[in-house]
Structure formats: C-alpha cells, structure tokens
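**Student:** My file is target_23.cif. It has mmCIF, C-alpha atoms and all ligand atoms:
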data_run
loop_
_atom_site.label_atom_id
_atom_site.label_comp_id
_atom_site.auth_asym_id
_atom_site.auth_seq_id
_atom_site.Cartn_x
_atom_site.Cartn_y
_atom_site.Cartn_z
CA MET A 1383 3.12 32.50 -17.21
CA ILE A 1384 6.03 31.19 -15.14
CA ASP A 1385 7.61 34.06 -13.19
CA LEU A 1386 11.17 33.81 -14.53
CA ASN A 1387 12.49 36.69 -12.44
CA GLN A 1388 11.27 35.03 -9.30
CA LEU A 1389 12.78 31.69 -10.38
CA HIS A 1390 16.08 33.46 -10.99
CA ASN A 1391 15.96 34.86 -7.44
CA LEU A 1392 15.02 31.50 -5.93
CA MET A 1393 18.14 29.99 -7.58
CA GLN A 1394 20.24 32.18 -5.22
CA GLY A 1395 23.08 32.52 -7.68
CA HIS A 1396 23.35 28.79 -8.48
CA LYS A 1397 24.14 28.20 -12.16
CA PRO A 1398 23.81 24.51 -13.05
CA GLU A 1399 24.22 23.73 -16.75
CA THR A 1400 22.85 20.18 -16.58
CA ALA A 1401 19.28 19.32 -15.60
CA ILE A 1402 17.86 15.86 -15.02
CA ILE A 1403 14.17 15.02 -15.21
CA LEU A 1404 13.55 12.12 -12.88
CA GLY A 1405 10.77 9.77 -13.96
CA SER A 1406 8.31 7.70 -11.90
CA GLY A 1407 10.14 5.86 -9.14
CA LEU A 1408 13.47 7.31 -10.28
CA GLY A 1409 13.75 10.23 -7.87
CA GLY A 1410 16.68 8.72 -5.96
CA ILE A 1411 19.49 10.60 -7.70
CA ALA A 1412 18.32 13.84 -6.12
CA ASP A 1413 18.80 12.33 -2.65
CA ILE A 1414 22.54 11.86 -3.08
CA LEU A 1415 23.29 15.46 -4.12
CA GLN A 1416 25.50 17.51 -1.81
CA ASP A 1417 24.82 21.09 -0.65
CA LYS A 1418 21.21 20.88 -1.70
CA LEU A 1419 18.94 23.78 -2.49
CA ILE A 1420 15.30 22.74 -2.85
CA ILE A 1421 12.74 24.86 -4.70
CA LYS A 1422 9.21 23.49 -4.54
CA TYR A 1423 7.18 23.96 -7.70
CA GLU A 1424 4.49 25.65 -5.61
CA GLU A 1425 6.99 28.39 -4.64
CA ILE A 1426 7.33 29.43 -8.28
CA SER A 1427 4.49 31.60 -9.45
CA GLY A 1428 2.84 30.19 -12.59
CA PHE A 1429 4.63 26.84 -12.33
CA PRO A 1430 2.36 23.80 -12.76
CA ARG A 1431 1.90 21.17 -10.03
CA SER A 1432 2.49 17.48 -10.54
CA THR A 1433 -0.45 15.31 -9.55
CA VAL A 1434 0.95 11.78 -9.89
CA ALA A 1435 1.78 9.46 -6.97
CA GLY A 1436 5.53 8.76 -6.97
CA HIS A 1437 6.27 12.26 -8.31
CA ASN A 1438 7.42 14.87 -5.82
CA GLY A 1439 7.15 18.31 -7.34
CA GLN A 1440 10.40 20.16 -6.73
CA PHE A 1441 13.73 21.24 -8.12
CA VAL A 1442 16.70 19.85 -6.22
CA ILE A 1443 19.89 21.73 -7.04
CA GLY A 1444 23.13 20.29 -5.73
CA LYS A 1445 26.49 18.76 -6.47
CA ILE A 1446 27.89 15.42 -7.54
CA ASP A 1447 31.67 15.55 -7.25
CA ASN A 1448 31.66 19.35 -7.41
CA LYS A 1449 29.55 19.37 -10.60
CA GLU A 1450 26.39 21.31 -9.99
CA ILE A 1451 23.17 19.88 -11.44
CA LEU A 1452 19.47 20.56 -11.20
CA CYS A 1453 17.07 17.64 -10.72
CA MET A 1454 13.39 17.89 -11.48
CA GLN A 1455 11.71 15.55 -9.02
CA GLY A 1456 8.29 15.33 -10.58
CA ARG A 1457 7.34 16.13 -14.15
CA PHE A 1458 4.20 17.06 -16.04
CA HIS A 1459 2.30 14.60 -18.18
CA LEU A 1460 -0.27 15.52 -20.78
CA TYR A 1461 -2.63 12.91 -19.31
CA GLU A 1462 -2.82 15.01 -16.14
CA GLY A 1463 -4.73 17.50 -18.22
CA HIS A 1464 -1.99 20.11 -18.44
CA ASN A 1465 -2.06 22.41 -21.39
CA PRO A 1466 0.73 20.99 -23.64
CA GLU A 1467 2.21 24.50 -23.84
CA ILE A 1468 3.08 24.52 -20.13
CA ILE A 1469 5.60 21.71 -20.73
CA ALA A 1470 7.38 23.94 -23.25
CA LYS A 1471 7.30 26.81 -20.74
CA VAL A 1472 8.92 24.65 -18.05
CA ILE A 1473 11.73 23.62 -20.42
CA GLN A 1474 12.16 27.23 -21.58
CA ALA A 1475 12.44 28.23 -17.90
CA LEU A 1476 15.35 25.79 -17.62
CA LYS A 1477 16.94 27.44 -20.64
CA TYR A 1478 16.43 30.85 -19.03
CA ILE A 1479 18.33 29.85 -15.87
CA GLY A 1480 21.26 28.57 -17.96
CA ILE A 1481 20.63 24.85 -18.57
CA LYS A 1482 22.52 23.63 -21.64
CA GLN A 1483 22.02 19.89 -21.37
CA LEU A 1484 18.95 17.93 -20.29
CA ILE A 1485 19.06 14.31 -19.16
CA ILE A 1486 15.56 12.86 -19.34
CA THR A 1487 14.58 9.64 -17.61
CA ASN A 1488 11.28 7.81 -17.72
CA ALA A 1489 9.57 4.56 -16.90
CA ALA A 1490 8.51 2.69 -20.02
CA GLY A 1491 7.06 -0.59 -21.14
CA SER A 1492 9.30 -2.79 -23.26
CA LEU A 1493 8.11 -3.94 -26.69
CA ASN A 1494 11.34 -5.72 -27.46
CA PRO A 1495 11.50 -9.31 -26.21
CA ASP A 1496 15.27 -8.90 -25.69
CA PHE A 1497 14.85 -5.85 -23.42
CA HIS A 1498 13.70 -7.05 -20.00
CA PRO A 1499 11.92 -5.28 -17.13
CA GLY A 1500 14.51 -3.88 -14.74
CA GLU A 1501 16.90 -3.04 -17.60
CA ILE A 1502 17.59 0.37 -19.13
CA MET A 1503 17.46 1.70 -22.69
CA LEU A 1504 19.21 4.64 -24.30
CA ILE A 1505 16.59 6.43 -26.41
CA THR A 1506 18.06 7.00 -29.87
CA ASP A 1507 14.87 8.32 -31.49
CA HIS A 1508 11.16 8.65 -30.88
CA ILE A 1509 7.74 8.31 -32.47
CA ASN A 1510 5.28 10.97 -31.32
CA PHE A 1511 2.04 8.99 -31.15
CA SER A 1512 0.50 11.32 -28.55
CA GLY A 1513 -1.35 13.46 -31.08
CA CYS A 1514 -0.06 16.48 -29.15
CA ASN A 1515 2.72 19.00 -29.34
CA PRO A 1516 3.83 21.51 -26.68
CA LEU A 1517 4.80 24.01 -29.39
CA LEU A 1518 1.34 24.41 -30.91
CA GLY A 1519 0.32 28.03 -31.35
CA ALA A 1520 2.23 31.18 -32.19
CA ASN A 1521 6.00 30.72 -32.34
CA ASP A 1522 8.43 33.00 -30.53
CA GLU A 1523 11.39 33.28 -32.92
CA LYS A 1524 13.56 34.53 -30.02
CA ILE A 1525 13.22 31.07 -28.46
CA GLY A 1526 13.52 28.91 -31.57
CA PRO A 1527 12.43 28.53 -35.18
CA ARG A 1528 8.88 27.63 -36.20
CA PHE A 1529 9.96 24.55 -38.17
CA PHE A 1530 12.88 22.84 -36.49
CA ASP A 1531 15.02 19.86 -37.31
CA MET A 1532 14.77 16.62 -35.29
CA SER A 1533 17.58 14.60 -36.93
CA ASN A 1534 19.85 15.03 -33.88
CA ALA A 1535 17.12 15.41 -31.24
CA TYR A 1536 18.79 12.75 -29.13
CA ASP A 1537 22.23 14.29 -29.37
CA LYS A 1538 24.61 11.80 -30.95
CA GLU A 1539 27.65 13.03 -29.02
CA LEU A 1540 25.84 12.68 -25.69
CA GLN A 1541 24.63 9.21 -26.73
CA GLU A 1542 28.20 8.18 -27.51
CA LYS A 1543 29.40 9.42 -24.16
CA ALA A 1544 26.67 7.45 -22.34
CA ARG A 1545 27.45 4.36 -24.42
CA ASN A 1546 31.16 4.57 -23.58
CA ILE A 1547 30.50 4.99 -19.87
CA ALA A 1548 28.10 2.03 -19.87
CA LYS A 1549 30.75 -0.10 -21.58
CA ARG A 1550 33.49 0.93 -19.17
CA LYS A 1551 31.34 0.51 -16.07
CA ASN A 1552 29.78 -2.75 -17.25
CA ILE A 1553 26.27 -1.33 -17.27
CA ASN A 1554 23.86 -3.16 -19.56
CA LEU A 1555 22.46 -0.39 -21.78
CA HIS A 1556 20.03 -1.27 -24.57
CA GLU A 1557 19.29 1.19 -27.36
CA GLY A 1558 16.06 1.85 -29.17
CA THR A 1559 13.10 3.94 -30.23
CA TYR A 1560 10.60 5.30 -27.69
CA LEU A 1561 6.98 5.74 -28.67
CA MET A 1562 4.84 8.17 -26.72
CA VAL A 1563 1.16 7.57 -26.09
CA LEU A 1564 -1.07 10.13 -24.43
CA GLY A 1565 -2.29 7.77 -21.68
CA PRO A 1566 -3.49 7.56 -18.96
CA ASN A 1567 -4.49 3.98 -19.76
CA PHE A 1568 -1.95 1.31 -20.50
CA GLU A 1569 -2.15 0.08 -24.08
CA THR A 1570 -4.29 -2.65 -25.52
CA ALA A 1571 -2.56 -5.76 -26.84
CA ALA A 1572 -3.50 -4.71 -30.39
CA GLU A 1573 -1.86 -1.31 -29.88
CA ILE A 1574 1.31 -2.95 -28.62
CA ARG A 1575 1.39 -5.22 -31.69
CA ALA A 1576 0.91 -2.17 -33.92
CA PHE A 1577 3.66 -0.18 -32.16
CA ARG A 1578 6.11 -3.06 -32.63
CA ILE A 1579 5.38 -3.04 -36.35
CA LEU A 1580 5.97 0.73 -36.37
CA GLY A 1581 9.46 0.10 -35.00
CA ALA A 1582 9.12 1.07 -31.35
CA ASP A 1583 11.16 -0.68 -28.66
CA ALA A 1584 9.55 1.04 -25.68
CA VAL A 1585 6.30 2.83 -24.93
CA GLY A 1586 5.53 5.51 -22.36
CA MET A 1587 3.49 8.60 -21.54
CA SER A 1588 6.14 11.31 -21.21
CA THR A 1589 9.47 12.61 -22.53
CA VAL A 1590 8.49 13.48 -26.12
CA PRO A 1591 7.00 16.92 -25.26
CA GLU A 1592 10.09 17.73 -23.16
CA VAL A 1593 12.41 16.66 -25.97
CA LEU A 1594 10.50 18.74 -28.53
CA ALA A 1595 10.64 21.84 -26.33
CA ALA A 1596 14.33 21.31 -25.51
CA VAL A 1597 15.37 20.83 -29.13
CA HIS A 1598 13.34 23.86 -30.14
CA CYS A 1599 15.09 26.15 -27.64
CA GLY A 1600 18.55 24.70 -28.16
CA ILE A 1601 19.08 22.47 -25.11
CA LYS A 1602 20.91 19.21 -25.84
CA VAL A 1603 19.10 16.02 -24.84
CA LEU A 1604 20.16 12.65 -23.50
CA ALA A 1605 17.25 10.33 -22.66
CA ILE A 1606 17.14 6.96 -20.94
CA SER A 1607 14.20 4.67 -20.21
CA ALA A 1608 13.88 2.41 -17.20
CA LEU A 1609 12.01 -0.58 -18.61
CA THR A 1610 9.50 -1.50 -15.97
CA ASN A 1611 7.35 -4.16 -17.66
CA PHE A 1612 6.64 -5.82 -20.97
CA GLY A 1613 3.86 -4.22 -23.00
CA THR A 1614 0.33 -5.56 -22.80
CA GLY A 1615 -0.02 -8.93 -24.51
CA ILE A 1616 3.73 -9.60 -24.38
CA GLN A 1617 3.41 -10.23 -20.68
CA ALA A 1618 0.49 -12.38 -19.55
CA THR A 1619 -0.39 -10.48 -16.36
CA PRO A 1620 -2.40 -7.21 -16.15
CA LEU A 1621 -0.42 -3.98 -15.73
CA SER A 1622 -0.59 -1.62 -12.76
CA HIS A 1623 1.11 1.58 -11.63
CA GLU A 1624 2.57 -0.41 -8.71
CA GLU A 1625 4.25 -2.77 -11.15
CA THR A 1626 5.81 0.13 -13.03
CA LEU A 1627 7.08 1.60 -9.76
CA SER A 1628 8.64 -1.68 -8.65
CA GLY A 1629 10.13 -2.17 -12.14
CA ALA A 1630 11.57 1.34 -11.91
CA ALA A 1631 13.07 0.51 -8.52
CA LYS A 1632 14.78 -2.50 -10.10
CA ALA A 1633 16.18 -0.45 -12.97
CA SER A 1634 17.12 2.54 -10.83
CA GLY A 1635 20.45 1.05 -9.68
CA SER A 1636 22.00 0.90 -13.14
CA LEU A 1637 20.30 4.11 -14.26
CA THR A 1638 21.67 6.03 -11.27
CA ASP A 1639 25.10 4.48 -11.75
CA LEU A 1640 25.17 5.53 -15.41
CA ILE A 1641 24.00 9.08 -14.74
CA ILE A 1642 26.37 9.67 -11.82
CA ASN A 1643 29.34 8.55 -13.88
CA TYR A 1644 28.12 10.64 -16.80
CA ILE A 1645 27.97 13.75 -14.58
CA LYS A 1646 31.37 13.05 -13.05
CA GLU A 1647 32.91 13.07 -16.52
CA GLU A 1648 31.48 16.46 -17.47
N1 LIG A 1701 2.89 1.66 -21.23
C1 LIG A 1701 2.90 3.01 -21.13
N2 LIG A 1701 3.59 3.66 -20.20
C2 LIG A 1701 4.33 2.93 -19.35
C3 LIG A 1701 4.37 1.54 -19.40
C4 LIG A 1701 3.61 0.87 -20.39
O1 LIG A 1701 3.59 -0.37 -20.50
N3 LIG A 1701 5.21 1.12 -18.41
C5 LIG A 1701 5.64 2.25 -17.79
N4 LIG A 1701 5.13 3.35 -18.35
#
Now that the file is in, can you turn its structure into structure tokens?

**Tutor:**
Amino acid sequence: MIDLNQLHNLMQGHKPETAIILGSGLGGIADILQDKLIIKYEEISGFPRSTVAGHNGQFVIGKIDNKEILCMQGRFHLYEGHNPEIIAKVIQALKYIGIKQLIITNAAGSLNPDFHPGEIMLITDHINFSGCNPLLGANDEKIGPRFFDMSNAYDKELQEKARNIAKRKNINLHEGTYLMVLGPNFETAAEIRAFRILGADAVGMSTVPEVLAAVHCGIKVLAISALTNFGTGIQATPLSHEETLSGAAKASGSLTDLIINYIKEE
C-alpha cells in the first residue's frame, strides 16, 4: 500500500495538475524545471522502486513558465516483475494528489517504414498485447467502474492540442497505434511482421498499464513515443538497450520542445 498521507505531506502544499511520465532516456525535461522539489520513490512508504538503467526513480515537481508540473523520472515496467496492480496504485496516487492530466512518454520501436528512428509519434490508440492488466482483481467503485470505456483513452482534445502545437512549431509528429509487449526481450522478426498485420505502428514495453489505470480513475491521457529503432527484421542490425537510449536521445529534442510548448499553453 502506498502511504498517501505521507505522499501528501511530502508534496509540501504543491498542487500540480499535470504529470509527465518520462521514458527511457527521456528524463531531460525534469532538469529544466524551476523551483524544483524532488521526492525520491524510496522516501514514499509502499512505493515501488525502478530497477532499469536510464531510469532514475523520483518525482520532480517544478515550474515551466509558472505552470507547475510533476515529472516521474523512472517508471515501472511489468517485465521488472512488479505486480501489475502496483502500476494502478501509482497512477491512483497521482489522482489522489490532484493530477488531472497525464502526459506519457516512452521509447518504442517503429513498425512503420515511414516513421524513422529519432522521430516522435503521437499515440492515438493501443493494442494491449502484454497479456496483463493492472486492474485485475476486485474493483473499487470509488476509484472507477469495473467495466470502463476506452474509446477516448487517448483524449481527442489533448491530441488535437498537441497536433496544433506541432504544426505551429514545425515539429514532425507522426501518429499511430502503439502495441505493448510484456518484454523484456526485443521481439522476433516474425512477431514484428505479425504486429504490422495487426495494425501497430510502434511497439514497446510500457505505457498501456498506465493508460488503463489513468482512464479508469478519470485522468486524461496524452501519450507520445520516441521512436528509437526499427523493429526486428525491418532493420538489419541486432537491437540493444544502448541503441534505444541513443535513439531516445535523438528524439528527445523534438519531444521536449513539443511538451514544453504544450505546458506553456495550459
Ligand atoms: N521493441 C520493444 N520495446 C522497445 C523497442 C523495440 O523495438 N525499442 C524501444 N523500446
């Protein structure tokens, strides 16, 4: 159980309404915040720890242009062995402290030959191929309904706002469907071929559980992938975590630019 009272106290009266989950190699936005308050995950009783290289493990609360936001530097992946439920608890903790809108970023492999490594993609929908769900088990009706609608999971208004900013700021923003695998291995070439037939444009190992939990508890979601590589078999060379980190570094410029301008226009 995450100690929500303690988290409330650690927030020291700060009341951000927008949270950003920063994916692998995409932690940079947190560094430019002003008047920072840092809360390490280990300070929060019951909060999970992130175990992945390139993921920090802290909340960074601070301002961009006087707009207060909360960044999650470090997220929790099912492949780390976390109980799927803990991902829902983390998102529900964000709801508890007053978050209304969640911007989710991730590193993903591109399945679309027109979407190149180093570019970014607005997620317009997803395919949950993980075989998992963070909302398994008894449902708390005070948090959200048992059976909930996913037709506007990636909030269309927020998408339109991101699209307009990208257009105005000349940021190349692709759009497509994200497919989540459980990981931790990268896919086989046959899997990538299958996922393309299913209609996916990008593949990754995160985001979907967070989106499910956010939609369930009534937080609006905007999600953007940093495309770090082509999927197995589309690119000839073997994949590595290092390649995804360097691909994320390449994409992080336009991703940061888009998100900063998005926040400024809140
Ligand atoms: N597959 C799964 N997850 C990923 C990839 C990929 O190719 N690239 C970055 N995250």

**Student:** Mind listing whatever residues come within 8 Å of the point (10.2, 31.6, -20.7)? Use all atoms listed in the file, file coordinates, and give them as a PyMOL selection string.

**Tutor:** chain A and resi 1383-1384+1386+1471-1472+1474-1475+1477-1478

**Student:** Listing only residues of chain A within 8 Å of ligand LIG 1701 (chain A), what is the closest atom pair and its distance in Å (to one decimal) for each, using all atoms listed in the file, sorted by chain and residue number ascending, as a Markdown table?

**Tutor:**
| residue | atom | partner | partner_atom | distance |
| --- | --- | --- | --- | --- |
| A:Asn1488 | CA | A:LIG1701 | N4 | 7.6 |
| A:Ala1489 | CA | A:LIG1701 | C5 | 4.6 |
| A:Ala1490 | CA | A:LIG1701 | C5 | 3.7 |
| A:Gly1491 | CA | A:LIG1701 | O1 | 3.5 |
| A:Ser1492 | CA | A:LIG1701 | O1 | 6.8 |
| A:Met1562 | CA | A:LIG1701 | C1 | 7.9 |
| A:Val1563 | CA | A:LIG1701 | C1 | 7.0 |
| A:Gly1565 | CA | A:LIG1701 | C1 | 7.1 |
| A:Asn1567 | CA | A:LIG1701 | C1 | 7.6 |
| A:Phe1568 | CA | A:LIG1701 | N1 | 4.9 |
| A:Glu1569 | CA | A:LIG1701 | N1 | 6.0 |
| A:Ala1584 | CA | A:LIG1701 | C4 | 8.0 |
| A:Val1585 | CA | A:LIG1701 | C1 | 5.1 |
| A:Gly1586 | CA | A:LIG1701 | N2 | 3.4 |
| A:Met1587 | CA | A:LIG1701 | N2 | 5.1 |
| A:Leu1609 | CA | A:LIG1701 | N3 | 7.0 |
| A:Thr1610 | CA | A:LIG1701 | N3 | 5.6 |
| A:Asn1611 | CA | A:LIG1701 | N3 | 5.7 |
| A:Phe1612 | CA | A:LIG1701 | O1 | 6.3 |
| A:Gly1613 | CA | A:LIG1701 | O1 | 4.6 |
| A:Thr1614 | CA | A:LIG1701 | O1 | 6.5 |
| A:Leu1621 | CA | A:LIG1701 | O1 | 7.2 |
| A:His1623 | CA | A:LIG1701 | C5 | 7.7 |
| A:Thr1626 | CA | A:LIG1701 | C5 | 5.2 |

**Student:** Can you work out which one of A:Leu1517, A:Leu1504, A:Ile1645, A:Ala1544 has the shortest atom-to-atom distance to A:Pro1398, counting only C-alpha atoms?

**Tutor:**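 Checking each of A:Leu1517, A:Leu1504, A:Ile1645, A:Ala1544 against A:Pro1398, counting only C-alpha atoms, the winner is A:Ile1645.
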
**Student:** Just checking: using all atoms listed in the file, which residue out of A:Gly1500, A:Gly1615, A:Pro1527, A:Pro1591 ends up closest to A:His1464?

**Tutor:**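 Distance minimum relative to A:His1464 lands on A:Pro1591.
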
**Student:** Would you pick out the contacts of A:Leu1637 at 8 Å or less, using only C-alpha atoms, so that residues sharing its chain but fewer than 3 positions from it are not included, and give the list as JSON, numbers by chain?

**Tutor:** {"A": [1502, 1606, 1608, 1633, 1634, 1640, 1641]}

**Student:** Could you write out the selected residues, including C-alpha atoms, as an mmCIF file, keeping the file's coordinate frame?

**Tutor:**
data_model
loop_
_atom_site.group_PDB
_atom_site.id
_atom_site.type_symbol
_atom_site.label_atom_id
_atom_site.label_comp_id
_atom_site.auth_asym_id
_atom_site.auth_seq_id
_atom_site.Cartn_x
_atom_site.Cartn_y
_atom_site.Cartn_z
ATOM 1 C CA ILE A 1502 17.590 0.370 -19.130
ATOM 2 C CA ILE A 1606 17.140 6.960 -20.940
ATOM 3 C CA ALA A 1608 13.880 2.410 -17.200
ATOM 4 C CA ALA A 1633 16.180 -0.450 -12.970
ATOM 5 C CA SER A 1634 17.120 2.540 -10.830
ATOM 6 C CA LEU A 1640 25.170 5.530 -15.410
ATOM 7 C CA ILE A 1641 24.000 9.080 -14.740
#

**Student:** From the options A:Glu1467, A:Asp1522, A:Glu1424, A:Asp1496, which residue's atoms come nearest to A:Cys1599, counting only C-alpha atoms?

**Tutor:**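 Closest candidate: A:Asp1522.
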
**Student:** Please tell me which residues are no farther than 12 Å from (26.8, 9.4, -0.9) in the file, counting only C-alpha atoms, and write them as a PyMOL selection string.

**Tutor:** chain A and resi 1410-1417+1445-1447+1642

**Student:** Could you write out the selected residues, including C-alpha atoms, as a PDB file, in the frame of the given file?

**Tutor:**
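Writing done, so here's selection-v3.pdb:
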ATOM      1  CA  GLY A1410      16.680   8.720  -5.960  1.00  0.00           C
ATOM      2  CA  ILE A1411      19.490  10.600  -7.700  1.00  0.00           C
ATOM      3  CA  ALA A1412      18.320  13.840  -6.120  1.00  0.00           C
ATOM      4  CA  ASP A1413      18.800  12.330  -2.650  1.00  0.00           C
ATOM      5  CA  ILE A1414      22.540  11.860  -3.080  1.00  0.00           C
ATOM      6  CA  LEU A1415      23.290  15.460  -4.120  1.00  0.00           C
ATOM      7  CA  GLN A1416      25.500  17.510  -1.810  1.00  0.00           C
ATOM      8  CA  ASP A1417      24.820  21.090  -0.650  1.00  0.00           C
ATOM      9  CA  LYS A1445      26.490  18.760  -6.470  1.00  0.00           C
ATOM     10  CA  ILE A1446      27.890  15.420  -7.540  1.00  0.00           C
ATOM     11  CA  ASP A1447      31.670  15.550  -7.250  1.00  0.00           C
ATOM     12  CA  ILE A1642      26.370   9.670 -11.820  1.00  0.00           C
TER      13      ILE A1642
END

**Student:** Counting only C-alpha atoms, which residue out of A:Phe1497, A:Phe1577, A:Phe1429, A:Tyr1644 sits closest to A:Phe1458?

**Tutor:**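 Closest candidate: A:Phe1429.
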
**Student:** What does the distance from atom CA of A:Gln1455 to atom CA of A:Ala1631 come to in Å, to one decimal?

**Tutor:**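 Separating atom CA of A:Gln1455 from atom CA of A:Ala1631 is a distance of 15.1 Å.
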
**Student:** Find the spatial neighbours of A:Cys1453, counting only C-alpha atoms, within a cut-off of 8 Å - ignore same-chain residues fewer than 5 positions away - and output them as a PDB file with C-alpha atoms, keeping the file's coordinate frame.

**Tutor:**
ATOM      1  CA  ALA A1401      19.280  19.320 -15.600  1.00  0.00           C
ATOM      2  CA  ILE A1402      17.860  15.860 -15.020  1.00  0.00           C
ATOM      3  CA  ILE A1403      14.170  15.020 -15.210  1.00  0.00           C
ATOM      4  CA  LEU A1404      13.550  12.120 -12.880  1.00  0.00           C
ATOM      5  CA  ALA A1412      18.320  13.840  -6.120  1.00  0.00           C
ATOM      6  CA  PHE A1441      13.730  21.240  -8.120  1.00  0.00           C
ATOM      7  CA  VAL A1442      16.700  19.850  -6.220  1.00  0.00           C
ATOM      8  CA  ILE A1443      19.890  21.730  -7.040  1.00  0.00           C
TER       9      ILE A1443
END

**Student:** What gap, in Å, lies between atom CA of A:Gly1635 and atom CA of A:Asn1552?

**Tutor:**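 Here the two named atoms are 12.6 Å from each other.
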
**Student:** Produce a table with one row for each residue of stretch 1409-1498 of chain A that has an atom at most 10 Å from any atom of stretch 1505-1514 of chain A, each row naming the nearest atom pair and its distance in Å at one decimal; use all atoms listed in the file; arrange rows by chain and rising residue number; format as CSV.

**Tutor:**
residue,atom,partner,partner_atom,distance
A:Leu1460,CA,A:Cys1514,CA,8.4
A:Tyr1461,CA,A:Ser1512,CA,9.9
A:Asn1465,CA,A:Cys1514,CA,10.0
A:Pro1466,CA,A:Cys1514,CA,7.2
A:Glu1467,CA,A:Cys1514,CA,9.9
A:Ile1486,CA,A:Ile1505,CA,9.6
A:Thr1487,CA,A:Ile1505,CA,9.6

**Student:** Between A:Gly1629, A:Gly1407, A:Gly1456, A:Gly1444, which residue has the minimum interatomic distance to A:Pro1430, considering only C-alpha atoms?

**Tutor:**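 Ranked by minimum distance to A:Pro1430, first place goes to A:Gly1456.
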
**Student:** For a quick check of understanding, using only C-alpha atoms, which of A:His1556, A:Lys1543, A:His1459, A:Lys1538 has the smallest distance to A:Met1503?

**Tutor:**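 Closest residue, counting only C-alpha atoms: A:His1556.
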
**Student:** Can you tell me, as a ChimeraX atom specification, what residues are no more than 7 Å from A:Thr1400 when counting only C-alpha atoms, ignoring any on the same chain fewer than 2 positions away?

**Tutor:** /A:1398,1402,1451-1452,1481-1484

**Student:** How many Å separate atom CA of A:Leu1493 from atom CA of A:Arg1545?

**Tutor:** 21.2 Å

**Student:** Could you list, as a compact mmCIF listing (two decimals) with C-alpha atoms, in the frame of the given file, every residue within 10 Å of A:Glu1539, counting only C-alpha atoms and ignoring same-chain residues fewer than 6 positions away?

**Tutor:**
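Ended up saving to out06.txt:
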# COMPACT_ATOMS: atom_id res chain seq x y z
CA ARG A 1545 27.45 4.36 -24.42
CA LYS A 1602 20.91 19.21 -25.84
CA VAL A 1603 19.10 16.02 -24.84
CA LEU A 1604 20.16 12.65 -23.50

**Student:** Skip A:Gln1394 itself and residues of its chain fewer than 2 positions away, then list as a PyMOL selection string all residues within 12 Å of it, counting all atoms listed in the file.

**Tutor:** chain A and resi 1387-1392+1396-1398+1418-1421+1443+1479
